[in-house]
Amino acid sequence: MSAGVPLASWKTQMFESLLGFLPDWVEITVPALVVLGFLTAWALKLKRGMAARRARRTGAPVPSGPSGADFLGPYAPRREGGDRV
């Protein structure tokens, strides 16, 4: 009763052909790691959004680590003793 038309889309067929030659443990592990990566990214995005919302509500700055030009590390100029105005 088949008319020769594939039931799956070309994307599904491409994905199955890419994973088809791999061992079973890889076929299961790779998609699981991809799903885990998406869930981790989603959780971090949700956590940052909650922190930003909480900071807006309390008026506190959003916590973020030093990065880029804001963080000079060992290259920061040393502070000299004494009061300079």
# chains A, B, ... in the order shown; residues from 1 in each chain; ligands from 1
$ residues_around --residues "region 13-16 of chain A" --least-positions-apart "6" --cutoff "12 Å" --atoms "only C-alpha atoms" --output "list in words"
Pro6, Leu7, Leu22, Glu27, Val30 and Pro31 of chain A
$ write_last_selection --atoms "all heavy atoms" --output "PDB file, in the first residue's frame"
ATOM      1  N   PRO A   6       8.479   8.525   1.322  1.00  0.00           N
ATOM      2  CA  PRO A   6       8.954   8.299   2.688  1.00  0.00           C
ATOM      3  C   PRO A   6       8.059   9.017   3.701  1.00  0.00           C
ATOM      4  O   PRO A   6       7.584  10.123   3.447  1.00  0.00           O
ATOM      5  CB  PRO A   6      10.367   8.876   2.687  1.00  0.00           C
ATOM      6  CG  PRO A   6      10.415   9.813   1.528  1.00  0.00           C
ATOM      7  CD  PRO A   6       9.413   9.307   0.531  1.00  0.00           C
ATOM      8  N   LEU A   7       7.830   8.377   4.822  1.00  0.00           N
ATOM      9  CA  LEU A   7       6.971   8.952   5.857  1.00  0.00           C
ATOM     10  C   LEU A   7       7.718   9.957   6.721  1.00  0.00           C
ATOM     11  O   LEU A   7       7.125  10.871   7.269  1.00  0.00           O
ATOM     12  CB  LEU A   7       6.389   7.840   6.727  1.00  0.00           C
ATOM     13  CG  LEU A   7       5.490   6.842   6.001  1.00  0.00           C
ATOM     14  CD1 LEU A   7       5.036   5.762   6.958  1.00  0.00           C
ATOM     15  CD2 LEU A   7       4.291   7.552   5.409  1.00  0.00           C
ATOM     16  N   LEU A  22      26.979   4.422  14.068  1.00  0.00           N
ATOM     17  CA  LEU A  22      27.669   4.498  15.354  1.00  0.00           C
ATOM     18  C   LEU A  22      27.254   3.349  16.265  1.00  0.00           C
ATOM     19  O   LEU A  22      26.164   2.796  16.123  1.00  0.00           O
ATOM     20  CB  LEU A  22      27.345   5.827  16.037  1.00  0.00           C
ATOM     21  CG  LEU A  22      27.792   7.079  15.279  1.00  0.00           C
ATOM     22  CD1 LEU A  22      27.238   8.310  15.967  1.00  0.00           C
ATOM     23  CD2 LEU A  22      29.297   7.152  15.204  1.00  0.00           C
ATOM     24  N   GLU A  27      24.984   6.192  20.198  1.00  0.00           N
ATOM     25  CA  GLU A  27      23.664   6.631  19.740  1.00  0.00           C
ATOM     26  C   GLU A  27      22.810   7.141  20.894  1.00  0.00           C
ATOM     27  O   GLU A  27      21.964   8.009  20.709  1.00  0.00           O
ATOM     28  CB  GLU A  27      22.935   5.491  19.036  1.00  0.00           C
ATOM     29  CG  GLU A  27      23.484   5.162  17.677  1.00  0.00           C
ATOM     30  CD  GLU A  27      22.659   4.098  16.985  1.00  0.00           C
ATOM     31  OE1 GLU A  27      21.445   4.024  17.233  1.00  0.00           O
ATOM     32  OE2 GLU A  27      23.240   3.338  16.187  1.00  0.00           O
ATOM     33  N   VAL A  30      25.143  10.619  22.838  1.00  0.00           N
ATOM     34  CA  VAL A  30      25.206  11.919  22.157  1.00  0.00           C
ATOM     35  C   VAL A  30      23.892  12.696  22.292  1.00  0.00           C
ATOM     36  O   VAL A  30      23.904  13.856  22.725  1.00  0.00           O
ATOM     37  CB  VAL A  30      25.627  11.751  20.684  1.00  0.00           C
ATOM     38  CG1 VAL A  30      25.464  13.049  19.912  1.00  0.00           C
ATOM     39  CG2 VAL A  30      27.056  11.255  20.597  1.00  0.00           C
ATOM     40  N   PRO A  31      22.745  12.115  21.967  1.00  0.00           N
ATOM     41  CA  PRO A  31      21.500  12.876  22.161  1.00  0.00           C
ATOM     42  C   PRO A  31      21.249  13.223  23.635  1.00  0.00           C
ATOM     43  O   PRO A  31      20.726  14.294  23.938  1.00  0.00           O
ATOM     44  CB  PRO A  31      20.400  11.958  21.627  1.00  0.00           C
ATOM     45  CG  PRO A  31      21.092  11.029  20.703  1.00  0.00           C
ATOM     46  CD  PRO A  31      22.462  10.862  21.258  1.00  0.00           C
TER      47      PRO A  31
END
